[in-house]
Amino acid sequence: MTAQHADARARSSHGATDAPRALDGIACLEDEAAIQGARNRQALAWWHGARGDNVAPAAQAFDVLDLAPIASHLALLDVIGEGADFHHRLIGTAIVEHLGVDGTGTPLSAYDRESEFSRRTWHILGLVVSQRRPVLNQPGYARVAGREHRRHESLTLPLVGADGRVARVLSVLDFLN
């Protein structure tokens with residue numbers, strides 16, 4: 001686990017609210033009414049239905065066809081080493097178009113970790129893994145170097161393995177304009 005990821009875990013597990021400005025707008029979901037995007041609301045409804053009385057749905061319960069109308073806005077990542085890294089299993093076409101790269105099949109660690117986008121991504125994934133709760137990201141505008149800034153929010157949802165640990169992460173990128 002990297003020092004940056006361990007730091008993010010420590011902040012999230014102690015409830016610190018003094019995160020750097022680069023992490024503004026990221027938090028475990030407390031109020032579902034705060035979700036602005038219809039795609040995010042649809043994914044959360046699926047997540048609640050699939051989890052039943054459990055903390056989160058089983059990773060094996062996810063079938064992209066369950067969310068076919070919003071599949072182009074989904075990313076599915078395998079958790080490696082309890083969050084030491086993540087493997088992109090699926091990246092929807094709307095996300096690929098926005099980012100300008102298709103990272104399907106690539107570990108997250110293969111990308112620059114110093115960009116604001118990357119720091120936010122690692123922080124969000126660390127929160128989901130450590131807290132086993134949905135994380136809402138409302139940064140205002142996507143901050144991807146060299147790409148058009150688009151107003152969006154993302155919702156990142158844990159999917160657990162048989163051992164109760166987060167095995168996969170489902171993320172929805174919902175453009176609001």
# chains A, B, ... in the order shown; residues from 1 in each chain; ligands from 1
call {"tool": "residues_around", "arguments": {"residues": "region 171-174 of chain A", "least_positions_apart": "5", "cutoff": "6 Å", "atoms": "only C-alpha atoms", "output": "ChimeraX atom specification"}}
result
/A:37,73-75,152-156
call {"tool": "write_last_selection", "arguments": {"atoms": "C-alpha atoms", "output": "short mmCIF file (atom, residue, chain, number, x, y, z; two decimals), in the first residue's frame"}}
result
data_model
loop_
_atom_site.label_atom_id
_atom_site.label_comp_id
_atom_site.auth_asym_id
_atom_site.auth_seq_id
_atom_site.Cartn_x
_atom_site.Cartn_y
_atom_site.Cartn_z
CA GLY A 37 -27.56 12.60 -11.55
CA HIS A 73 -21.18 5.52 -17.87
CA LEU A 74 -19.95 2.61 -15.72
CA ALA A 75 -16.49 1.52 -14.63
CA HIS A 152 -20.39 15.87 -13.44
CA GLU A 153 -20.71 13.78 -10.32
CA SER A 154 -19.68 10.22 -9.69
CA LEU A 155 -21.00 7.57 -7.35
CA THR A 156 -18.70 4.71 -6.41
#
call {"tool": "closest_residue", "arguments": {"among": "A:His98, A:Arg113, A:Arg150, A:His87", "to": "Leu170 (chain A)", "atoms": "only C-alpha atoms"}}
result
A:His87
call {"tool": "closest_atom_pairs", "arguments": {"of": "region 61-141 of chain A", "to": "region 40-50 of chain A", "cutoff": "9 Å", "atoms": "only C-alpha atoms", "output": "CSV"}}
result
residue,atom,partner,partner_atom,distance
A:Ala61,CA,A:Ala50,CA,7.0
A:Phe62,CA,A:Ala50,CA,8.2
A:Asp66,CA,A:Trp46,CA,7.8
A:Leu67,CA,A:Ala43,CA,7.1
A:Ile70,CA,A:Ala43,CA,8.4
A:Pro134,CA,A:Leu44,CA,8.5
call {"tool": "write_last_selection", "arguments": {"atoms": "N, CA and C atoms", "output": "compact mmCIF listing (two decimals), in the first residue's frame"}}
result
# COMPACT_ATOMS: atom_id res chain seq x y z
N ALA A 61 -22.85 -10.74 -7.93
CA ALA A 61 -24.24 -10.36 -8.22
C ALA A 61 -24.31 -9.33 -9.34
N PHE A 62 -23.20 -8.64 -9.61
CA PHE A 62 -23.26 -7.58 -10.62
C PHE A 62 -23.21 -8.17 -12.02
N ASP A 66 -27.83 -5.59 -15.92
CA ASP A 66 -28.77 -5.01 -14.94
C ASP A 66 -28.83 -3.50 -15.06
N LEU A 67 -27.75 -2.90 -15.55
CA LEU A 67 -27.68 -1.44 -15.70
C LEU A 67 -27.39 -1.08 -17.16
N ILE A 70 -27.37 2.48 -18.66
CA ILE A 70 -26.33 3.42 -18.26
C ILE A 70 -24.93 2.80 -18.36
N PRO A 134 -21.00 3.52 -0.17
CA PRO A 134 -20.96 4.35 -1.38
C PRO A 134 -20.27 5.68 -1.11
call {"tool": "select_by_dssp", "arguments": {"residues": "region 16-121 of chain A", "states": "strand (DSSP E)", "output": "MDAnalysis selection string"}}
result
chainID A and resid 26:28 74:80 85:91
call {"tool": "write_last_selection", "arguments": {"atoms": "N, CA and C atoms", "output": "CSV table (one decimal), in the first residue's frame"}}
result
chain,number,residue,atom,x,y,z
A,26,ILE,N,-15.7,15.1,-2.0
A,26,ILE,CA,-15.7,13.6,-1.9
A,26,ILE,C,-16.1,13.2,-0.5
A,27,ALA,N,-17.1,12.4,-0.4
A,27,ALA,CA,-17.5,11.9,0.9
A,27,ALA,C,-18.4,10.7,0.8
A,28,CYS,N,-18.3,9.9,1.9
A,28,CYS,CA,-19.3,8.7,2.0
A,28,CYS,C,-20.7,9.3,1.9
A,74,LEU,N,-20.4,3.4,-16.8
A,74,LEU,CA,-19.9,2.6,-15.7
A,74,LEU,C,-18.5,2.3,-15.9
A,75,ALA,N,-17.8,2.1,-14.7
A,75,ALA,CA,-16.5,1.5,-14.6
A,75,ALA,C,-16.5,0.5,-13.5
A,76,LEU,N,-16.0,-0.7,-13.8
A,76,LEU,CA,-15.9,-1.8,-12.8
A,76,LEU,C,-14.4,-2.1,-12.6
A,77,LEU,N,-14.0,-2.1,-11.4
A,77,LEU,CA,-12.6,-2.3,-11.0
A,77,LEU,C,-12.5,-3.5,-10.0
A,78,ASP,N,-11.5,-4.4,-10.2
A,78,ASP,CA,-11.2,-5.4,-9.3
A,78,ASP,C,-10.3,-4.7,-8.2
A,79,VAL,N,-10.5,-5.1,-7.0
A,79,VAL,CA,-9.6,-4.6,-5.9
A,79,VAL,C,-8.5,-5.6,-5.7
A,80,ILE,N,-7.2,-5.1,-5.7
A,80,ILE,CA,-6.0,-5.9,-5.6
A,80,ILE,C,-5.4,-5.5,-4.2
A,85,ASP,N,-3.9,-1.7,-5.2
A,85,ASP,CA,-4.1,-1.3,-6.6
A,85,ASP,C,-5.5,-1.8,-7.0
A,86,PHE,N,-5.8,-1.4,-8.2
A,86,PHE,CA,-7.1,-1.7,-8.8
A,86,PHE,C,-6.9,-2.0,-10.2
A,87,HIS,N,-7.7,-3.0,-10.7
A,87,HIS,CA,-7.6,-3.4,-12.1
A,87,HIS,C,-8.9,-3.1,-12.8
A,88,HIS,N,-8.8,-2.3,-13.9
A,88,HIS,CA,-9.9,-1.9,-14.7
A,88,HIS,C,-10.5,-3.1,-15.5
A,89,ARG,N,-11.6,-3.6,-15.0
A,89,ARG,CA,-12.3,-4.7,-15.7
A,89,ARG,C,-13.2,-4.2,-16.8
A,90,LEU,N,-13.8,-3.1,-16.6
A,90,LEU,CA,-14.7,-2.5,-17.6
A,90,LEU,C,-14.7,-1.0,-17.5
A,91,ILE,N,-14.6,-0.3,-18.6
A,91,ILE,CA,-14.8,1.1,-18.6
A,91,ILE,C,-15.7,1.5,-19.8
call {"tool": "select_by_dssp", "arguments": {"residues": "region 51-123 of chain A", "states": "alpha helix (DSSP H)", "output": "list in words"}}
result
Arg51, Thr93, Ala94, Ile95, Val96, Glu97, His98, Leu99, Glu116, Phe117, Ser118, Arg119, Arg120, Thr121, Trp122 and His123 of chain A
call {"tool": "atom_distance", "arguments": {"atom1": "CA of Glu30 (chain A)", "atom2": "CA of Val96 (chain A)"}}
result
28.9 Å
call {"tool": "closest_residue", "arguments": {"among": "A:Pro139, A:Val64, A:Gly92, A:Val166", "to": "Gly126 (chain A)", "atoms": "only C-alpha atoms"}}
result
A:Val166
